[in-house]
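Participant: Have a peek at run-v2.cif (mmCIF, C-alpha atoms and all ligand atoms).
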data_target
loop_
_atom_site.label_atom_id
_atom_site.label_comp_id
_atom_site.auth_asym_id
_atom_site.auth_seq_id
_atom_site.Cartn_x
_atom_site.Cartn_y
_atom_site.Cartn_z
CA MET A 1 15.77 -4.08 -0.18
CA SER A 2 17.09 -4.65 -3.74
CA ALA A 3 14.67 -5.41 -6.56
CA GLN A 4 15.91 -9.01 -6.69
CA SER A 5 15.59 -9.71 -2.96
CA ALA A 6 12.14 -8.06 -2.83
CA GLN A 7 11.08 -10.43 -5.57
CA THR A 8 12.69 -13.56 -4.17
CA ALA A 9 11.07 -12.99 -0.77
CA SER A 10 7.65 -12.58 -2.38
CA ALA A 11 6.84 -15.89 -4.06
CA LYS A 12 8.15 -19.21 -5.25
CA LEU A 13 7.44 -18.21 -8.84
CA LEU A 14 9.40 -15.54 -10.69
CA ALA A 15 8.03 -14.45 -14.06
CA ILE A 16 10.65 -11.71 -14.44
CA LYS A 17 14.32 -12.19 -13.50
CA TRP A 18 16.48 -9.07 -13.48
CA GLN A 19 20.14 -9.06 -12.49
CA ARG A 20 21.47 -5.80 -13.83
CA PRO A 21 21.95 -5.74 -16.83
CA HIS A 22 20.49 -9.18 -17.59
CA LEU A 23 16.75 -9.74 -18.05
CA SER A 24 15.00 -13.04 -18.58
CA ILE A 25 11.32 -13.92 -18.48
CA LEU A 26 9.43 -17.12 -17.89
CA ASN A 27 7.91 -18.11 -21.25
CA GLN A 28 4.21 -18.31 -20.35
CA LEU A 29 3.34 -19.84 -23.72
CA LEU A 30 4.89 -23.09 -22.46
CA LEU A 31 3.25 -23.09 -19.02
CA PRO A 32 2.14 -25.23 -17.29
CA HIS A 33 4.11 -27.91 -19.16
CA ALA A 34 7.60 -26.42 -19.09
CA SER A 35 9.43 -23.72 -17.12
CA GLU A 36 11.73 -22.08 -19.64
CA TYR A 37 13.30 -18.65 -19.30
CA VAL A 38 13.92 -16.50 -22.38
CA ASP A 39 16.74 -13.92 -22.46
CA ILE A 40 15.50 -10.43 -23.28
CA LYS A 41 18.39 -8.29 -24.53
CA THR A 42 16.69 -5.46 -26.38
CA SER A 43 13.46 -3.46 -26.56
CA ALA A 44 12.66 -5.45 -29.73
CA ASP A 45 12.87 -8.66 -27.65
CA GLY A 46 10.64 -7.03 -25.00
CA HIS A 47 8.12 -5.91 -27.62
CA HIS A 48 8.05 -9.43 -29.09
CA ALA A 49 7.62 -11.03 -25.62
CA ILE A 50 4.58 -8.81 -24.95
CA VAL A 51 2.93 -9.14 -28.37
CA SER A 52 3.43 -12.92 -28.48
CA MET A 53 2.12 -13.26 -24.86
CA GLN A 54 5.32 -14.87 -23.58
CA THR A 55 4.70 -12.35 -20.84
CA ARG A 56 1.26 -10.90 -20.00
CA GLY A 57 -0.71 -9.24 -17.22
CA ALA A 58 -0.86 -5.47 -16.83
CA PRO A 59 2.00 -4.87 -14.35
CA ALA A 60 4.30 -7.48 -15.96
CA ILE A 61 3.84 -5.94 -19.41
CA ALA A 62 4.98 -2.53 -18.09
CA ILE A 63 7.98 -3.91 -16.21
CA VAL A 64 9.20 -6.18 -19.01
CA ALA A 65 8.94 -3.25 -21.45
CA ALA A 66 10.89 -0.96 -19.09
CA LEU A 67 13.59 -3.51 -18.26
CA SER A 68 14.01 -4.74 -21.85
CA LEU A 69 15.09 -1.23 -22.75
CA ALA A 70 17.28 -1.05 -19.61
CA ALA A 71 19.08 -4.18 -20.83
CA GLU A 72 19.55 -2.62 -24.28
CA VAL A 73 20.72 0.74 -22.93
CA SER A 74 23.32 -1.05 -20.76
CA GLN A 75 24.98 -2.48 -23.88
CA GLN A 76 24.96 0.72 -25.95
CA GLN A 77 27.66 3.37 -26.27
CA PHE A 78 26.29 6.91 -26.54
CA ASN A 79 28.24 10.04 -27.44
CA THR A 80 26.07 12.66 -25.78
CA ALA A 81 23.34 12.88 -23.13
CA GLN A 82 20.95 14.25 -25.76
CA GLN A 83 21.63 11.25 -28.01
CA THR A 84 20.91 8.86 -25.11
CA TYR A 85 17.73 10.75 -24.32
CA ASN A 86 16.53 10.64 -27.95
CA PHE A 87 17.34 6.93 -28.24
CA ILE A 88 15.42 6.04 -25.07
CA THR A 89 12.34 8.14 -25.85
CA GLY A 90 12.17 6.67 -29.39
CA LYS A 91 12.33 3.11 -28.02
CA LEU A 92 9.71 3.87 -25.35
CA ASP A 93 7.34 5.11 -28.07
CA TYR A 94 7.94 1.85 -29.93
CA LEU A 95 7.23 -0.24 -26.80
CA ALA A 96 3.95 1.68 -26.40
CA THR A 97 2.70 0.01 -29.61
CA SER A 98 2.78 -3.51 -28.11
CA ARG A 99 -0.62 -3.87 -26.39
CA PRO A 100 -3.25 -1.14 -25.98
CA THR A 101 -5.54 -1.81 -23.01
CA ALA A 102 -3.43 -2.08 -19.84
CA VAL A 103 -2.57 1.45 -18.72
CA ASN A 104 0.43 0.35 -16.62
CA LEU A 105 2.61 0.32 -19.76
CA PHE A 106 1.70 3.92 -20.62
CA ASP A 107 2.02 5.02 -17.00
CA ALA A 108 5.52 3.49 -16.85
CA ILE A 109 6.52 5.15 -20.12
CA THR A 110 5.37 8.58 -18.88
CA LYS A 111 7.28 8.16 -15.60
CA LEU A 112 10.44 6.89 -17.34
CA LYS A 113 10.40 9.81 -19.79
CA ARG A 114 10.01 12.21 -16.86
CA ALA A 115 12.98 10.61 -15.03
CA ILE A 116 15.34 10.90 -18.00
CA LYS A 117 14.23 14.47 -18.74
CA ILE A 118 15.18 15.45 -15.19
CA SER A 119 18.58 13.76 -15.57
CA LEU A 120 19.15 15.42 -18.97
CA ASP A 121 18.30 18.86 -17.55
CA SER A 122 20.54 18.36 -14.54
CA GLN A 123 23.37 16.93 -16.72
CA ASP A 124 23.35 13.56 -14.94
CA ASP A 125 24.04 10.28 -16.72
CA VAL A 126 20.82 9.70 -18.66
CA ALA A 127 21.45 5.97 -19.25
CA VAL A 128 22.07 5.31 -15.55
CA ALA A 129 19.00 7.37 -14.59
CA TYR A 130 16.89 5.29 -16.98
CA ILE A 131 18.16 1.94 -15.68
CA ASP A 132 17.69 3.04 -12.05
CA ALA A 133 14.13 4.17 -12.73
CA ALA A 134 13.19 0.97 -14.59
CA GLU A 135 14.70 -1.18 -11.84
CA ALA A 136 12.83 0.78 -9.15
CA MET A 137 9.54 -0.12 -10.88
CA LEU A 138 10.26 -3.81 -10.37
CA ALA A 139 10.79 -3.42 -6.61
CA ALA A 140 7.82 -1.04 -6.26
CA ASP A 141 5.46 -3.49 -7.93
CA VAL A 142 6.33 -6.29 -5.49
CA ALA A 143 5.87 -3.96 -2.49
CA ASP A 144 2.57 -2.61 -3.89
CA ASN A 145 1.23 -6.11 -4.44
CA GLN A 146 2.07 -7.13 -0.90
CA SER A 147 0.18 -4.08 0.39
CA ILE A 148 -2.77 -4.92 -1.88
CA GLY A 149 -2.70 -8.46 -0.46
CA ARG A 150 -2.76 -7.25 3.15
CA ASN A 151 -5.43 -4.58 2.49
CA GLY A 152 -7.67 -6.96 0.56
CA ALA A 153 -7.31 -9.84 3.02
CA ARG A 154 -8.27 -7.55 5.92
CA PHE A 155 -11.23 -6.13 3.98
CA ILE A 156 -12.58 -9.58 3.12
CA GLU A 157 -12.14 -10.89 6.66
CA GLU A 158 -13.92 -7.88 8.14
CA SER A 159 -16.76 -7.71 5.62
CA SER A 160 -17.52 -11.34 4.74
CA GLY A 161 -20.33 -11.71 7.29
CA VAL A 162 -19.63 -15.46 7.40
CA VAL A 163 -18.76 -17.17 10.65
CA GLY A 164 -16.10 -19.79 9.92
CA LYS A 165 -14.33 -20.61 6.70
CA ILE A 166 -14.91 -18.79 3.41
CA LYS A 167 -14.40 -19.48 -0.29
CA VAL A 168 -13.64 -17.02 -3.09
CA LEU A 169 -13.59 -17.09 -6.88
CA THR A 170 -11.14 -15.44 -9.26
CA HIS A 171 -10.74 -14.95 -12.99
CA CYS A 172 -7.84 -14.87 -15.47
CA ASN A 173 -4.35 -14.85 -13.95
CA THR A 174 -3.37 -11.99 -11.68
CA GLY A 175 -0.63 -13.65 -9.67
CA ALA A 176 3.16 -13.75 -9.62
CA LEU A 177 3.08 -14.53 -13.34
CA ALA A 178 1.19 -11.33 -14.18
CA THR A 179 3.30 -9.03 -11.99
CA ALA A 180 6.80 -8.66 -10.57
CA GLY A 181 5.70 -10.94 -7.71
CA HIS A 182 2.89 -11.91 -5.31
CA GLY A 183 0.09 -10.67 -7.60
CA THR A 184 -2.99 -8.48 -7.21
CA ALA A 185 -6.28 -10.43 -6.97
CA LEU A 186 -4.30 -13.64 -6.57
CA GLY A 187 -2.06 -11.69 -4.18
CA ILE A 188 -5.07 -11.11 -1.91
CA ILE A 189 -5.81 -14.84 -2.08
CA ARG A 190 -2.15 -15.62 -1.25
CA SER A 191 -2.21 -13.19 1.67
CA LEU A 192 -5.53 -14.58 2.96
CA TYR A 193 -4.21 -18.12 2.79
CA GLN A 194 -0.84 -17.31 4.38
CA LYS A 195 -2.44 -15.75 7.47
CA PRO A 196 -2.15 -17.76 10.67
CA GLU A 197 -5.47 -19.55 11.17
CA SER A 198 -6.56 -18.51 7.70
CA ILE A 199 -10.30 -18.35 7.14
CA LEU A 200 -9.82 -19.14 3.42
CA GLU A 201 -10.93 -22.68 2.76
CA HIS A 202 -11.07 -22.88 -1.03
CA VAL A 203 -10.53 -20.97 -4.25
CA TYR A 204 -12.54 -21.44 -7.43
CA PHE A 205 -11.18 -20.04 -10.67
CA GLY A 206 -12.60 -19.76 -14.17
CA GLU A 207 -10.80 -21.26 -17.16
CA THR A 208 -10.83 -17.80 -18.83
CA ARG A 209 -11.73 -18.65 -22.38
CA PRO A 210 -10.46 -18.31 -24.99
CA TYR A 211 -6.81 -17.96 -23.96
CA ASN A 212 -7.15 -20.03 -20.77
CA GLN A 213 -5.07 -17.86 -18.44
CA GLY A 214 -7.12 -19.41 -15.60
CA ALA A 215 -6.86 -23.07 -16.61
CA ARG A 216 -3.17 -22.83 -17.52
CA LEU A 217 -1.62 -20.17 -15.30
CA THR A 218 -3.79 -19.67 -12.21
CA ALA A 219 -4.09 -23.44 -11.86
CA TYR A 220 -0.29 -23.65 -11.96
CA GLU A 221 0.20 -20.92 -9.34
CA LEU A 222 -2.41 -22.32 -6.95
CA LEU A 223 -0.89 -25.80 -7.21
CA CYS A 224 2.60 -24.37 -6.58
CA GLU A 225 1.31 -22.61 -3.45
CA GLU A 226 -0.70 -25.67 -2.39
CA ILE A 227 -3.85 -23.56 -2.01
CA PRO A 228 -6.95 -25.81 -2.23
CA SER A 229 -8.62 -24.90 -5.51
CA THR A 230 -11.03 -26.02 -8.23
CA LEU A 231 -11.20 -25.05 -11.90
CA VAL A 232 -14.64 -24.26 -13.34
CA CYS A 233 -15.89 -23.31 -16.81
CA ASP A 234 -16.51 -19.58 -17.10
CA SER A 235 -20.15 -20.44 -17.76
CA ALA A 236 -20.47 -22.48 -14.52
CA VAL A 237 -20.01 -19.54 -12.14
CA SER A 238 -23.69 -18.57 -11.70
CA ALA A 239 -24.61 -22.19 -10.97
CA LEU A 240 -21.74 -22.40 -8.49
CA LEU A 241 -22.76 -19.24 -6.61
CA ARG A 242 -26.34 -20.47 -6.38
CA THR A 243 -25.25 -23.76 -4.81
CA ASP A 244 -22.55 -22.45 -2.45
CA PRO A 245 -23.31 -19.48 -0.17
CA THR A 246 -19.83 -19.67 1.42
CA ILE A 247 -18.31 -18.20 -1.75
CA VAL A 248 -18.30 -14.69 -0.31
CA ALA A 249 -16.45 -12.77 -3.02
CA ILE A 250 -15.29 -12.69 -6.61
CA ILE A 251 -11.85 -11.05 -6.76
CA VAL A 252 -10.41 -9.87 -10.09
CA GLY A 253 -7.55 -7.73 -11.35
CA ALA A 254 -7.64 -4.73 -13.67
CA ASP A 255 -5.98 -3.56 -16.84
CA ARG A 256 -7.28 -0.01 -16.58
CA VAL A 257 -9.53 1.62 -13.99
CA ALA A 258 -11.21 4.86 -15.10
CA ALA A 259 -11.56 7.83 -12.72
CA ASN A 260 -15.18 6.83 -11.96
CA GLY A 261 -14.18 3.22 -11.12
CA ASP A 262 -15.31 1.56 -14.38
CA THR A 263 -12.80 -1.26 -14.82
CA ALA A 264 -11.39 -2.93 -17.92
CA ASN A 265 -10.23 -6.47 -17.23
CA LYS A 266 -10.09 -9.84 -18.94
CA ILE A 267 -13.14 -10.72 -21.03
CA GLY A 268 -15.77 -12.37 -18.85
CA THR A 269 -15.20 -10.08 -15.87
CA TYR A 270 -18.36 -8.04 -16.57
CA GLN A 271 -20.65 -11.07 -16.50
CA LEU A 272 -19.00 -12.20 -13.23
CA ALA A 273 -19.85 -8.81 -11.69
CA ILE A 274 -23.48 -9.15 -12.81
CA THR A 275 -23.83 -12.60 -11.31
CA ALA A 276 -22.08 -11.49 -8.06
CA LYS A 277 -24.63 -8.68 -7.72
CA PHE A 278 -27.55 -11.01 -8.46
CA HIS A 279 -26.37 -13.49 -5.84
CA GLY A 280 -25.50 -10.84 -3.25
CA ARG A 281 -21.72 -11.48 -3.18
CA ALA A 282 -18.90 -8.95 -3.01
CA PHE A 283 -17.21 -8.09 -6.31
CA ILE A 284 -13.70 -6.84 -5.59
CA VAL A 285 -11.21 -5.27 -8.02
CA ALA A 286 -7.56 -5.49 -6.93
CA ALA A 287 -5.07 -3.22 -8.68
CA PRO A 288 -2.04 -1.07 -8.02
CA THR A 289 -2.60 2.66 -8.51
CA THR A 290 -0.48 2.30 -11.68
CA SER A 291 -3.61 0.65 -13.17
CA ILE A 292 -5.77 3.71 -12.44
CA ASP A 293 -6.07 6.14 -15.34
CA LEU A 294 -7.45 9.43 -14.06
CA ALA A 295 -7.24 10.86 -17.59
CA VAL A 296 -10.07 8.53 -18.61
CA THR A 297 -13.31 9.65 -16.98
CA SER A 298 -15.33 6.49 -17.66
CA GLY A 299 -14.99 3.04 -19.17
CA LYS A 300 -16.43 4.02 -22.54
CA ASP A 301 -13.11 5.70 -23.43
CA ILE A 302 -10.96 2.63 -22.75
CA VAL A 303 -9.47 1.03 -25.88
CA ILE A 304 -10.25 -2.69 -25.90
CA GLU A 305 -7.78 -4.99 -27.65
CA GLU A 306 -9.39 -7.34 -30.17
CA ARG A 307 -7.52 -10.55 -30.82
CA ASP A 308 -7.40 -13.03 -33.67
CA PRO A 309 -10.72 -14.89 -34.21
CA SER A 310 -8.74 -18.14 -34.51
CA GLU A 311 -8.38 -18.11 -30.70
CA ILE A 312 -12.12 -18.95 -30.62
CA THR A 313 -12.61 -20.95 -33.78
CA ALA A 314 -9.76 -23.32 -32.91
CA ALA A 315 -8.28 -24.79 -29.74
CA SER A 316 -4.55 -24.71 -29.19
CA GLY A 317 -2.44 -26.74 -26.78
CA PHE A 318 0.17 -29.43 -26.39
CA VAL A 319 -0.78 -32.95 -27.43
CA GLN A 320 -0.53 -35.75 -24.90
CA THR A 321 1.97 -37.83 -26.89
CA SER A 322 4.42 -34.96 -27.17
CA LEU A 323 4.08 -34.24 -23.44
CA GLU A 324 4.77 -37.88 -22.61
CA ALA A 325 7.83 -37.88 -24.85
CA GLY A 326 9.03 -34.78 -23.02
CA LYS A 327 8.81 -32.81 -26.24
CA LEU A 328 6.50 -29.83 -26.46
CA VAL A 329 4.72 -29.65 -29.78
CA ARG A 330 1.92 -27.12 -30.03
CA GLU A 331 -1.10 -28.40 -31.95
CA THR A 332 -4.12 -26.49 -33.18
CA LEU A 333 -7.46 -28.28 -33.42
CA CYS A 334 -10.24 -26.83 -35.54
CA VAL A 335 -13.47 -26.43 -33.56
CA ALA A 336 -15.84 -24.15 -35.47
CA PRO A 337 -16.63 -24.80 -39.15
CA LYS A 338 -14.30 -23.12 -41.63
CA GLY A 339 -15.62 -19.67 -42.46
CA THR A 340 -17.26 -19.03 -39.05
CA ALA A 341 -17.15 -15.35 -38.16
CA ALA A 342 -15.95 -14.68 -34.60
CA TRP A 343 -15.64 -11.61 -32.35
CA ASN A 344 -12.76 -11.90 -29.87
CA PRO A 345 -12.39 -8.91 -27.54
CA SER A 346 -9.64 -9.58 -25.01
CA PHE A 347 -11.15 -7.37 -22.29
CA ASP A 348 -14.49 -5.96 -21.18
CA VAL A 349 -15.51 -3.05 -18.97
CA THR A 350 -17.32 -3.62 -15.68
CA PRO A 351 -19.38 -0.57 -14.66
CA ALA A 352 -18.41 0.96 -11.30
CA GLU A 353 -21.90 0.41 -9.90
CA LEU A 354 -21.27 -3.36 -9.87
CA ILE A 355 -17.96 -3.08 -8.00
CA THR A 356 -18.09 -3.44 -4.20
CA ALA A 357 -14.55 -2.21 -3.55
CA ILE A 358 -11.32 -1.30 -5.32
CA VAL A 359 -8.30 -2.53 -3.38
CA THR A 360 -5.01 -0.71 -4.03
CA GLU A 361 -1.68 -0.46 -2.23
CA LYS A 362 -2.91 2.85 -0.80
CA GLY A 363 -6.05 1.42 0.75
CA VAL A 364 -9.52 0.07 -0.04
CA PHE A 365 -11.91 2.40 -1.85
CA VAL A 366 -15.67 2.02 -1.61
CA LYS A 367 -18.36 4.22 -3.12
CA ASP A 368 -20.02 6.95 -1.10
CA GLN A 369 -23.40 5.96 0.33
CA GLY A 370 -25.92 5.76 -2.54
CA ALA A 371 -23.35 6.65 -5.24
CA ALA A 372 -23.10 4.63 -8.44
CA GLU A 373 -19.52 5.66 -9.19
CA TYR A 374 -16.19 6.19 -7.45
CA ASP A 375 -14.32 9.48 -7.22
CA LEU A 376 -10.82 8.06 -7.55
CA ALA A 377 -9.23 11.45 -8.27
CA ALA A 378 -10.23 12.51 -4.77
CA SER A 379 -9.20 9.19 -3.22
CA ILE A 380 -5.60 8.68 -4.43
C1 LIG A 401 -2.41 -8.31 -12.28
S1 LIG A 401 -2.88 -8.68 -13.87
C2 LIG A 401 -4.42 -7.81 -14.16
C3 LIG A 401 -4.91 -7.99 -15.55
O1 LIG A 401 -3.88 -7.64 -16.44
C4 LIG A 401 -5.40 -9.41 -15.80
O2 LIG A 401 -6.57 -9.64 -15.05
C5 LIG A 401 -5.67 -9.59 -17.27
O3 LIG A 401 -6.72 -9.23 -17.75
C6 LIG A 401 -4.55 -10.11 -18.08
O4 LIG A 401 -4.85 -10.20 -19.45
P1 LIG A 401 -3.75 -10.79 -20.45
O5 LIG A 401 -4.43 -10.75 -21.79
O6 LIG A 401 -3.42 -12.16 -19.99
O7 LIG A 401 -2.57 -9.83 -20.39
#
Turn the structure described in the file into structure tokens.

Facilitator:
Amino acid sequence: MSAQSAQTASAKLLAIKWQRPHLSILNQLLLPHASEYVDIKTSADGHHAIVSMQTRGAPAIAIVAALSLAAEVSQQQFNTAQQTYNFITGKLDYLATSRPTAVNLFDAITKLKRAIKISLDSQDDVAVAYIDAAEAMLAADVADNQSIGRNGARFIEESSGVVGKIKVLTHCNTGALATAGHGTALGIIRSLYQKPESILEHVYFGETRPYNQGARLTAYELLCEEIPSTLVCDSAVSALLRTDPTIVAIIVGADRVAANGDTANKIGTYQLAITAKFHGRAFIVAAPTTSIDLAVTSGKDIVIEERDPSEITAASGFVQTSLEAGKLVRETLCVAPKGTAAWNPSFDVTPAELITAIVTEKGVFVKDQGAAEYDLAASI
């Protein structure tokens, strides 16, 4: 199946559109109020799309970076294979400077460099080898997410211990918008809901302060899919778990999973894992193996991106009057007093001991009896 048909079959929403050699991405800064695609013609455009958060989510970041350079390479004339190779490796190093925490970008860069080195050594067309390899990543991500969805849905059905319908809770946005299609944690939710006689009754999702990936993007995806869902404040989750025992699991994505299972994901994930443990609910991490970094032994070595304090001290969004007029004007409202110091880490690390299972396209990993950590090097 081609990359495009794999994607189209996977979801109603496409965050990344690739028709060789044309790339466009859904501008997530405008969601949920407008669906506008932006043309990405060069690696500089790709870098800008990632840094400005027009595109976000660990797998999507890697694929947009890879394909932005594929679009650029398609338009370039090169004199020698070595020149093509040097050009591509230089641009890949530049794309690596966009965002630091999600390992998928660095994994993709390593694999793409390996592919073009093989083609250089075997005197194949380096540009074509690069474009083929980048395009293959798009199709692989959709297939991996569908496997994650199936594996996770089966695991939840078999382990929930609830007779009848269940509810789950998720955080941030891990769906079609954060990937090439279907999604990871939200992919499991999609797969659970699409099953004949689905046992999934309802999905709760946190707003995901301060950037509101939950309130803006997950809300949008769940409405598109017509999956019954309710938005809650991040700080309401413990109260919700206490009142509703049919919420059997919290399902989240990952930006980087260390070899021992410690998982970096959107800020707020760690406190969700603590409250899941306290209330005796499953805490499930869903991620493709491209999010697992075996070179990092534990979470303490994961670089956490820190973002501008103004994301906390002010609120940003589109004002009602501009929405009504059909014109999108972004407004920033001051919340905290001028001069307030703020710490704004974009991710946190959840220790492996709090994680019930790690669902990948290759299967579901659980810890050995009595172990506090995973041995992912032995598992994948
Ligand atoms: C399948 S996406 C997994 C993670 O990348 C996701 O949970 C997340 O933390 C996204 O953060 P973002 O800052 O929006 O890129």

Participant: Taking into account only C-alpha atoms, which residue in the set A:Asp124, A:Asp368, A:Glu305, A:Asp262 is nearest to A:Ile355?

Facilitator: A:Asp262

Participant: Produce a table with one row for each residue of chain A that has an atom at most 6 Å from any atom of ligand LIG 401 (chain A), each row naming the nearest atom pair and its distance in Å at one decimal; use all atoms listed in the file; arrange rows by chain and rising residue number; format as a tab-separated table.

Facilitator:
residue	atom	partner	partner_atom	distance
A:Arg56	CA	A:LIG401	O7	4.0
A:Gly57	CA	A:LIG401	O1	3.6
A:Ala58	CA	A:LIG401	O1	3.7
A:Pro59	CA	A:LIG401	C1	6.0
A:Cys172	CA	A:LIG401	O2	5.4
A:Asn173	CA	A:LIG401	O2	5.8
A:Thr174	CA	A:LIG401	C1	3.9
A:Ala178	CA	A:LIG401	S1	4.9
A:Thr179	CA	A:LIG401	C1	5.8
A:Gly183	CA	A:LIG401	C1	5.8
A:Thr184	CA	A:LIG401	C1	5.1
A:Gly253	CA	A:LIG401	C2	4.2
A:Ala254	CA	A:LIG401	C2	4.5
A:Asp255	CA	A:LIG401	O1	4.6
A:Asn265	CA	A:LIG401	O3	4.5
A:Lys266	CA	A:LIG401	O3	3.6

Participant: Measure the distance from atom CA of A:Val168 to atom CA of A:Val142 in Å and round it to one decimal.

Facilitator: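 Straight-line distance from atom CA of A:Val168 to atom CA of A:Val142 works out to 22.8 Å.
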
Participant: Using Å and a single decimal, report how far atom CA of A:Ala34 sits from atom CA of A:Leu323.

Facilitator: 9.6 Å

Participant: At what distance in Å, to one decimal, does atom CA of A:Ala264 lie from atom CA of A:Leu69?

Facilitator: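 Separation of atom CA of A:Leu69 and atom CA of A:Ala264: 27.0 Å.
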
Participant: Out of A:Ala71, A:Leu376, A:Ala258, A:Leu200, which residue has the shortest atom-to-atom distance to A:Ile227 when counting all atoms listed in the file?

Facilitator: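 Smallest separation from A:Ile227 among the options: A:Leu200.
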
Participant: Within 7 Å of stretch 290-303 of chain A, counting all atoms listed in the file, which residues show up once you throw out same-chain ones fewer than 6 positions away? Write them as a VMD selection string, please.

Facilitator: chain A and resid 100 to 101 103 to 104 107 254 to 260 262 to 263 349 377

Participant: Dump C-alpha atoms for the selected residues as a compact mmCIF listing (two decimals), in the coordinates of the input?

Facilitator:
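Result file out.txt:
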# COMPACT_ATOMS: atom_id res chain seq x y z
CA PRO A 100 -3.25 -1.14 -25.98
CA THR A 101 -5.54 -1.81 -23.01
CA VAL A 103 -2.57 1.45 -18.72
CA ASN A 104 0.43 0.35 -16.62
CA ASP A 107 2.02 5.02 -17.00
CA ALA A 254 -7.64 -4.73 -13.67
CA ASP A 255 -5.98 -3.56 -16.84
CA ARG A 256 -7.28 -0.01 -16.58
CA VAL A 257 -9.53 1.62 -13.99
CA ALA A 258 -11.21 4.86 -15.10
CA ALA A 259 -11.56 7.83 -12.72
CA ASN A 260 -15.18 6.83 -11.96
CA ASP A 262 -15.31 1.56 -14.38
CA THR A 263 -12.80 -1.26 -14.82
CA VAL A 349 -15.51 -3.05 -18.97
CA ALA A 377 -9.23 11.45 -8.27

Participant: Between A:Lys91, A:Lys367, A:Lys12, A:His48, single out the one closest to A:Asn27, counting all atoms listed in the file.

Facilitator: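 With all atoms listed in the file as the atom set, the closest residue is A:His48.
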
Participant: Restricting the calculation to all atoms listed in the file: of A:Glu226, A:Asp45, A:Asp93, A:Asp375, which residue gets closest to A:Glu72?

Facilitator: A:Asp45

Participant: Hey, which of A:Gly261, A:Gly363, A:Gly149, A:Gly339 ends up closest to A:Gln194? Count all atoms listed in the file.

Facilitator: A:Gly149

Participant: Some atoms are absent from stretch 162-174 of chain A, so rebuild N, CA and C atoms and return them as a compact mmCIF listing (two decimals), keeping the file's coordinate frame.

Facilitator:
# COMPACT_ATOMS: atom_id res chain seq x y z
N VAL A 162 -19.50 -14.01 7.21
CA VAL A 162 -19.63 -15.46 7.40
C VAL A 162 -18.85 -15.85 8.65
N VAL A 163 -19.48 -16.66 9.48
CA VAL A 163 -18.76 -17.17 10.65
C VAL A 163 -18.11 -18.48 10.20
N GLY A 164 -16.80 -18.58 10.36
CA GLY A 164 -16.10 -19.79 9.92
C GLY A 164 -15.38 -19.57 8.62
N LYS A 165 -15.16 -20.66 7.90
CA LYS A 165 -14.33 -20.61 6.70
C LYS A 165 -15.07 -20.00 5.51
N ILE A 166 -14.31 -19.38 4.62
CA ILE A 166 -14.91 -18.79 3.41
C ILE A 166 -14.26 -19.37 2.15
N LYS A 167 -14.94 -19.14 1.02
CA LYS A 167 -14.40 -19.48 -0.29
C LYS A 167 -14.46 -18.23 -1.16
N VAL A 168 -13.59 -18.14 -2.15
CA VAL A 168 -13.64 -17.02 -3.09
C VAL A 168 -13.47 -17.57 -4.50
N LEU A 169 -13.75 -16.71 -5.47
CA LEU A 169 -13.59 -17.09 -6.88
C LEU A 169 -12.77 -16.02 -7.58
N THR A 170 -11.90 -16.42 -8.49
CA THR A 170 -11.14 -15.44 -9.26
C THR A 170 -11.16 -15.78 -10.74
N HIS A 171 -10.65 -14.84 -11.54
CA HIS A 171 -10.74 -14.95 -12.99
C HIS A 171 -9.38 -14.59 -13.59
N CYS A 172 -9.07 -15.16 -14.74
CA CYS A 172 -7.84 -14.87 -15.47
C CYS A 172 -6.64 -15.25 -14.59
N ASN A 173 -5.50 -14.65 -14.83
CA ASN A 173 -4.35 -14.85 -13.95
C ASN A 173 -3.79 -13.50 -13.54
N THR A 174 -3.78 -13.28 -12.24
CA THR A 174 -3.37 -11.99 -11.68
C THR A 174 -2.29 -12.19 -10.63
